[in-house]
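The file protein36.csv contains CSV, C-alpha atoms:
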```
chain,number,residue,atom,x,y,z
A,1,SER,CA,-5.3,9.9,9.9
A,2,GLN,CA,-5.5,8.2,6.5
A,3,GLN,CA,-6.6,10.1,3.4
A,4,GLY,CA,-8.7,7.3,2.0
A,5,GLU,CA,-11.6,6.0,4.1
A,6,GLU,CA,-13.2,2.8,2.9
A,7,ASP,CA,-16.8,1.9,3.6
A,8,PRO,CA,-18.0,-0.5,4.8
A,9,GLN,CA,-15.3,-1.9,7.1
A,10,ALA,CA,-16.6,-5.4,6.5
A,11,LEU,CA,-18.8,-7.0,3.9
A,12,SER,CA,-20.1,-10.5,3.8
A,13,ILE,CA,-22.0,-11.9,0.7
A,14,GLN,CA,-22.8,-15.1,-1.0
A,15,GLU,CA,-20.9,-16.4,-4.0
A,16,GLY,CA,-22.4,-15.0,-7.2
A,17,GLU,CA,-23.6,-11.7,-5.6
A,18,ASN,CA,-22.0,-8.3,-6.4
A,19,ALA,CA,-19.9,-6.5,-3.8
A,20,THR,CA,-19.6,-2.7,-3.7
A,21,MET,CA,-17.0,-0.9,-1.7
A,22,ASN,CA,-16.6,2.8,-1.3
A,23,CYS,CA,-13.7,5.1,-0.7
A,24,SER,CA,-13.8,8.8,0.3
A,25,TYR,CA,-10.9,11.1,0.5
A,26,LYS,CA,-10.2,14.7,1.5
A,27,THR,CA,-7.6,16.4,-0.8
A,28,SER,CA,-6.9,16.7,-4.5
A,29,ILE,CA,-5.5,13.6,-6.2
A,30,ASN,CA,-3.6,12.7,-9.4
A,31,ASN,CA,-5.0,9.2,-9.4
A,32,LEU,CA,-6.7,6.6,-7.2
A,33,GLN,CA,-5.7,3.0,-7.1
A,34,TRP,CA,-7.4,-0.1,-5.6
A,35,TYR,CA,-5.5,-3.0,-4.2
A,36,ARG,CA,-6.3,-6.4,-2.8
A,37,GLN,CA,-4.6,-8.1,0.1
A,38,ASN,CA,-5.1,-11.7,1.0
A,39,SER,CA,-4.6,-12.6,4.7
A,40,GLY,CA,-0.9,-12.5,5.5
A,41,ARG,CA,0.1,-11.7,2.0
A,42,GLY,CA,1.4,-8.7,0.0
A,43,LEU,CA,-0.8,-6.2,-1.8
A,44,VAL,CA,-1.9,-6.8,-5.4
A,45,HIS,CA,-2.7,-3.9,-7.6
A,46,LEU,CA,-6.2,-4.1,-9.1
A,47,ILE,CA,-6.9,-1.0,-11.1
A,48,LEU,CA,-5.8,2.6,-11.4
A,49,ILE,CA,-8.2,5.5,-12.3
A,50,ARG,CA,-6.8,8.9,-13.2
A,51,SER,CA,-8.4,12.1,-11.9
A,52,ASN,CA,-9.8,13.0,-15.3
A,53,GLU,CA,-11.5,9.6,-15.7
A,54,ARG,CA,-14.9,8.7,-14.4
A,55,GLU,CA,-15.1,4.9,-14.9
A,56,LYS,CA,-12.8,2.0,-15.6
A,57,HIS,CA,-13.4,-1.7,-16.1
A,58,SER,CA,-11.1,-4.7,-15.7
A,59,GLY,CA,-12.7,-8.1,-16.0
A,60,ARG,CA,-15.3,-8.4,-13.2
A,61,LEU,CA,-14.1,-5.1,-11.6
A,62,ARG,CA,-15.6,-1.7,-12.2
A,63,VAL,CA,-14.3,1.4,-10.6
A,64,THR,CA,-15.9,4.8,-10.6
A,65,LEU,CA,-14.4,8.1,-9.5
A,66,ASP,CA,-16.3,11.3,-8.6
A,67,THR,CA,-13.8,14.1,-8.0
A,68,SER,CA,-16.6,16.5,-7.1
A,69,LYS,CA,-17.6,14.3,-4.2
A,70,LYS,CA,-14.1,13.1,-3.6
A,71,SER,CA,-15.2,9.5,-3.7
A,72,SER,CA,-14.6,6.3,-5.6
A,73,SER,CA,-16.3,2.9,-5.6
A,74,LEU,CA,-15.1,-0.6,-6.5
A,75,LEU,CA,-17.7,-3.1,-7.8
A,76,ILE,CA,-16.9,-6.8,-8.0
A,77,THR,CA,-19.5,-8.6,-10.0
A,78,ALA,CA,-20.4,-12.3,-9.8
A,79,SER,CA,-18.2,-12.7,-6.7
A,80,ARG,CA,-16.3,-15.9,-6.0
A,81,ALA,CA,-15.0,-17.4,-2.8
A,82,ALA,CA,-11.5,-16.6,-4.0
A,83,ASP,CA,-12.4,-12.9,-3.9
A,84,THR,CA,-12.3,-13.1,-0.1
A,85,ALA,CA,-9.7,-10.5,0.9
A,86,SER,CA,-9.2,-7.0,2.2
A,87,TYR,CA,-9.5,-4.2,-0.4
A,88,PHE,CA,-7.8,-0.9,-0.1
A,89,CYS,CA,-8.0,2.3,-2.0
A,90,ALA,CA,-5.0,4.5,-2.3
A,91,THR,CA,-5.0,8.1,-3.3
A,92,VAL,CA,-1.9,9.4,-5.1
A,93,ASN,CA,-0.8,13.0,-5.1
A,94,ALA,CA,2.6,14.3,-6.1
A,95,GLY,CA,3.9,10.7,-6.1
A,96,LYS,CA,2.8,10.0,-2.5
A,97,SER,CA,0.3,7.2,-1.9
A,98,THR,CA,-2.1,7.3,1.0
A,99,PHE,CA,-4.1,4.2,1.9
A,100,GLY,CA,-7.3,3.7,3.8
A,101,ASP,CA,-7.8,1.0,6.4
A,102,GLY,CA,-9.6,-1.2,3.9
A,103,THR,CA,-12.8,-3.2,3.5
A,104,THR,CA,-12.7,-6.9,4.5
A,105,LEU,CA,-14.8,-8.8,2.0
A,106,THR,CA,-15.9,-12.4,2.8
A,107,VAL,CA,-17.6,-14.3,0.0
A,108,LYS,CA,-19.3,-17.4,1.3
A,109,PRO,CA,-19.5,-20.4,-1.1
B,1,GLY,CA,10.4,-11.7,-14.2
B,2,ALA,CA,11.3,-11.4,-10.6
B,3,GLY,CA,9.0,-9.3,-8.4
B,4,VAL,CA,9.9,-7.1,-5.5
B,5,SER,CA,11.8,-9.0,-2.8
B,6,GLN,CA,12.4,-8.1,0.8
B,7,THR,CA,14.8,-9.5,3.4
B,8,PRO,CA,14.5,-10.7,6.0
B,9,SER,CA,11.0,-12.0,5.9
B,10,ASN,CA,10.9,-11.9,9.7
B,11,LYS,CA,13.0,-10.0,12.2
B,12,VAL,CA,12.8,-10.3,16.0
B,13,THR,CA,14.9,-7.8,17.9
B,14,GLU,CA,15.2,-6.4,21.4
B,15,LYS,CA,14.2,-3.0,22.3
B,16,GLY,CA,17.0,-0.5,21.8
B,17,LYS,CA,18.7,-2.5,19.0
B,18,TYR,CA,19.4,-1.3,15.4
B,19,VAL,CA,17.8,-3.1,12.5
B,20,GLU,CA,18.2,-2.9,8.7
B,21,LEU,CA,15.5,-4.0,6.3
B,22,ARG,CA,16.3,-4.5,2.6
B,23,CYS,CA,14.2,-4.1,-0.5
B,24,ASP,CA,15.1,-5.3,-4.0
B,25,PRO,CA,12.8,-3.6,-6.5
B,26,ILE,CA,11.8,-4.8,-9.9
B,27,SER,CA,14.7,-4.2,-12.3
B,28,GLY,CA,14.2,-0.9,-14.2
B,29,HIS,CA,11.7,0.6,-11.7
B,30,THR,CA,12.9,4.0,-10.8
B,31,ALA,CA,10.4,4.7,-8.0
B,32,LEU,CA,10.6,2.8,-4.7
B,33,TYR,CA,8.3,3.2,-1.7
B,34,TRP,CA,8.4,2.1,1.9
B,35,TYR,CA,5.3,1.6,4.0
B,36,ARG,CA,4.5,0.0,7.3
B,37,GLN,CA,1.3,-1.9,8.1
B,38,SER,CA,-0.1,-2.7,11.5
B,39,LEU,CA,-2.7,-5.4,12.0
B,40,GLY,CA,-6.1,-4.4,10.7
B,41,GLN,CA,-4.9,-1.2,9.1
B,42,GLY,CA,-3.9,-0.1,5.7
B,43,PRO,CA,-0.3,0.6,4.7
B,44,GLU,CA,1.1,3.8,6.2
B,45,PHE,CA,3.4,5.8,3.9
B,46,LEU,CA,6.9,6.3,5.2
B,47,ILE,CA,9.2,7.5,2.3
B,48,TYR,CA,9.6,7.2,-1.4
B,49,PHE,CA,12.5,7.5,-3.8
B,50,GLN,CA,12.7,8.6,-7.3
B,51,GLY,CA,16.1,7.2,-8.4
B,52,THR,CA,18.6,7.7,-5.7
B,53,GLY,CA,17.0,10.6,-4.0
B,54,ALA,CA,14.3,10.6,-1.4
B,55,ALA,CA,11.5,12.6,-3.1
B,56,ASP,CA,9.2,12.6,0.0
B,57,ASP,CA,10.2,11.4,3.5
B,58,SER,CA,7.3,13.1,5.3
B,59,GLY,CA,6.0,9.7,6.6
B,60,LEU,CA,9.1,8.8,8.6
B,61,PRO,CA,7.8,8.9,12.2
B,62,ASN,CA,11.0,10.4,13.7
B,63,ASP,CA,14.7,10.6,13.3
B,64,ARG,CA,15.3,7.0,14.4
B,65,PHE,CA,14.1,6.0,10.9
B,66,PHE,CA,16.3,6.5,7.9
B,67,ALA,CA,16.3,5.0,4.4
B,68,VAL,CA,18.8,5.0,1.6
B,69,ARG,CA,19.0,4.0,-2.0
B,70,PRO,CA,22.6,4.7,-3.0
B,71,GLU,CA,22.6,3.3,-6.5
B,72,GLY,CA,19.0,3.8,-7.4
B,73,SER,CA,18.1,0.1,-7.1
B,74,VAL,CA,18.2,-1.7,-3.7
B,75,SER,CA,17.0,0.3,-0.7
B,76,THR,CA,17.6,-0.2,3.0
B,77,LEU,CA,15.3,1.0,5.7
B,78,LYS,CA,17.3,1.6,8.9
B,79,ILE,CA,15.7,1.9,12.4
B,80,GLN,CA,17.8,2.9,15.3
B,81,ARG,CA,17.0,2.4,19.0
B,82,THR,CA,14.0,0.2,18.2
B,83,GLU,CA,10.9,0.5,20.3
B,84,ARG,CA,8.1,-1.9,20.8
B,85,GLY,CA,5.8,0.5,18.9
B,86,ASP,CA,7.9,-0.1,15.8
B,87,SER,CA,6.6,-3.7,15.5
B,88,ALA,CA,4.7,-4.0,12.2
B,89,VAL,CA,5.0,-5.4,8.7
B,90,TYR,CA,7.3,-3.2,6.7
B,91,LEU,CA,6.3,-3.2,3.0
B,92,CYS,CA,8.3,-2.1,0.0
B,93,ALA,CA,6.9,-1.3,-3.4
B,94,SER,CA,8.3,-0.2,-6.7
B,95,SER,CA,6.9,1.3,-9.8
B,96,LEU,CA,8.1,2.3,-13.3
B,97,GLN,CA,8.1,5.9,-12.3
B,98,GLN,CA,6.5,7.9,-9.5
B,99,GLY,CA,2.9,9.0,-9.6
B,100,GLY,CA,0.7,7.6,-12.2
B,101,TYR,CA,1.9,4.0,-12.3
B,102,GLU,CA,0.8,0.9,-10.4
B,103,GLN,CA,3.0,-0.1,-7.5
B,104,TYR,CA,4.2,-3.7,-7.2
B,105,PHE,CA,4.5,-4.8,-3.6
B,106,GLY,CA,7.0,-7.1,-1.9
B,107,PRO,CA,5.9,-9.7,0.7
B,108,GLY,CA,7.0,-7.5,3.6
B,109,THR,CA,9.3,-7.9,6.6
B,110,ARG,CA,7.5,-8.6,9.8
B,111,LEU,CA,9.4,-6.8,12.5
B,112,THR,CA,8.9,-7.7,16.1
B,113,VAL,CA,10.5,-5.6,18.9
B,114,THR,CA,10.5,-7.4,22.2
```

Since I need it in another form, could you write the structure as structure tokens?
Amino acid sequence: SQQGEEDPQALSIQEGENATMNCSYKTSINNLQWYRQNSGRGLVHLILIRSNEREKHSGRLRVTLDTSKKSSSLLITASRAADTASYFCATVNAGKSTFGDGTTLTVKP
Amino acid sequence: GAGVSQTPSNKVTEKGKYVELRCDPISGHTALYWYRQSLGQGPEFLIYFQGTGAADDSGLPNDRFFAVRPEGSVSTLKIQRTERGDSAVYLCASSLQQGGYEQYFGPGTRLTVT
């Protein structure tokens, strides 16, 4: 089974609303990364947070990491229709990346 | 600059045949990763290279799968005696080094075994 588990599996919101996706994992990590994948396309790296960091921001993205709870969250603020995609978290330990099955986000215009 | 490229983009083969999938990483990236992705699932780790050597091949499903990176740049994933269950999108990614660096993904090779 995958290390990272995203929650929810699917999320549908209106344009302008915020979207929050969560990721839980089981073992220790060096860092955790979030990726976006548009339908039929490759994965695009969004943000990397190291195990000694608690929060990172990049534009409209905010990622938190709680290593005591083995969980991370990705917040997309002021969502746009173009944010519609699948979002994956990947835990990295000793160079090896393990992905969850993703959250499918639909942003309705 | 050029991103990660993968060839072919699509491959249809018959059960039992041998296939090779190629990955050209970003120039200067020492780490290279192979994943496969089935519909509705996240990428499943297969193997990663640091330079020419396979640093972790624990994700290869069985001995029909093999990957090489002889000169530390281009990598080839080889699948022998293909089975219908091998059908998936095979993704390659590279990063500056292994571990704490973002991975840049190629567009993938869609393998269909009939």

(message) What's the separation between CA of Ala90 (chain A) and CA of Tyr25 (chain A), in Å to one decimal place?
(response) 9.3 Å

(message) For Pro107 (chain B), find every residue with an atom within 9 Å (counting only C-alpha atoms), except residues of its own chain fewer than 5 positions away, and show them as a PyMOL selection string.
(response) (chain A and resi 40-43) or (chain B and resi 4-6+9+90-92)

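The interatomic distance for the pair CA of Pro61 (chain B) and CA of Asn30 (chain A) works out to 24.7 Å.
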
(message) Env of Asp86 (chain B): 8 Å cut, atoms = only C-alpha atoms, seq-sep filter 4 positions within chain, self excluded. Answer as an MDAnalysis selection string.
(response) chainID B and resid 82 111:113

(message) Select, as JSON, numbers by chain, those residues of chain A with any atom no more than 7 Å from chain B (distances computed using all atoms listed in the file).
(response) {"A": [31, 41, 42, 43, 44, 45, 48, 92, 94, 95, 97, 98, 99, 100, 101, 102]}

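Taking CA of Ile76 (chain A) and CA of Lys26 (chain A) as the two end points, the separation is 24.4 Å.
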
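For the choices A:Asn93, A:Asn52, A:Thr64, A:Ser86, the atom-to-atom distance to Thr27 (chain A) is smallest for A:Asn93 when using only C-alpha atoms.
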
(message) Calculated over only C-alpha atoms, which of the candidates B:Ser94, B:Arg36, B:His29, B:Glu20 has the smallest distance to Ala67 (chain B)?
(response) B:Glu20
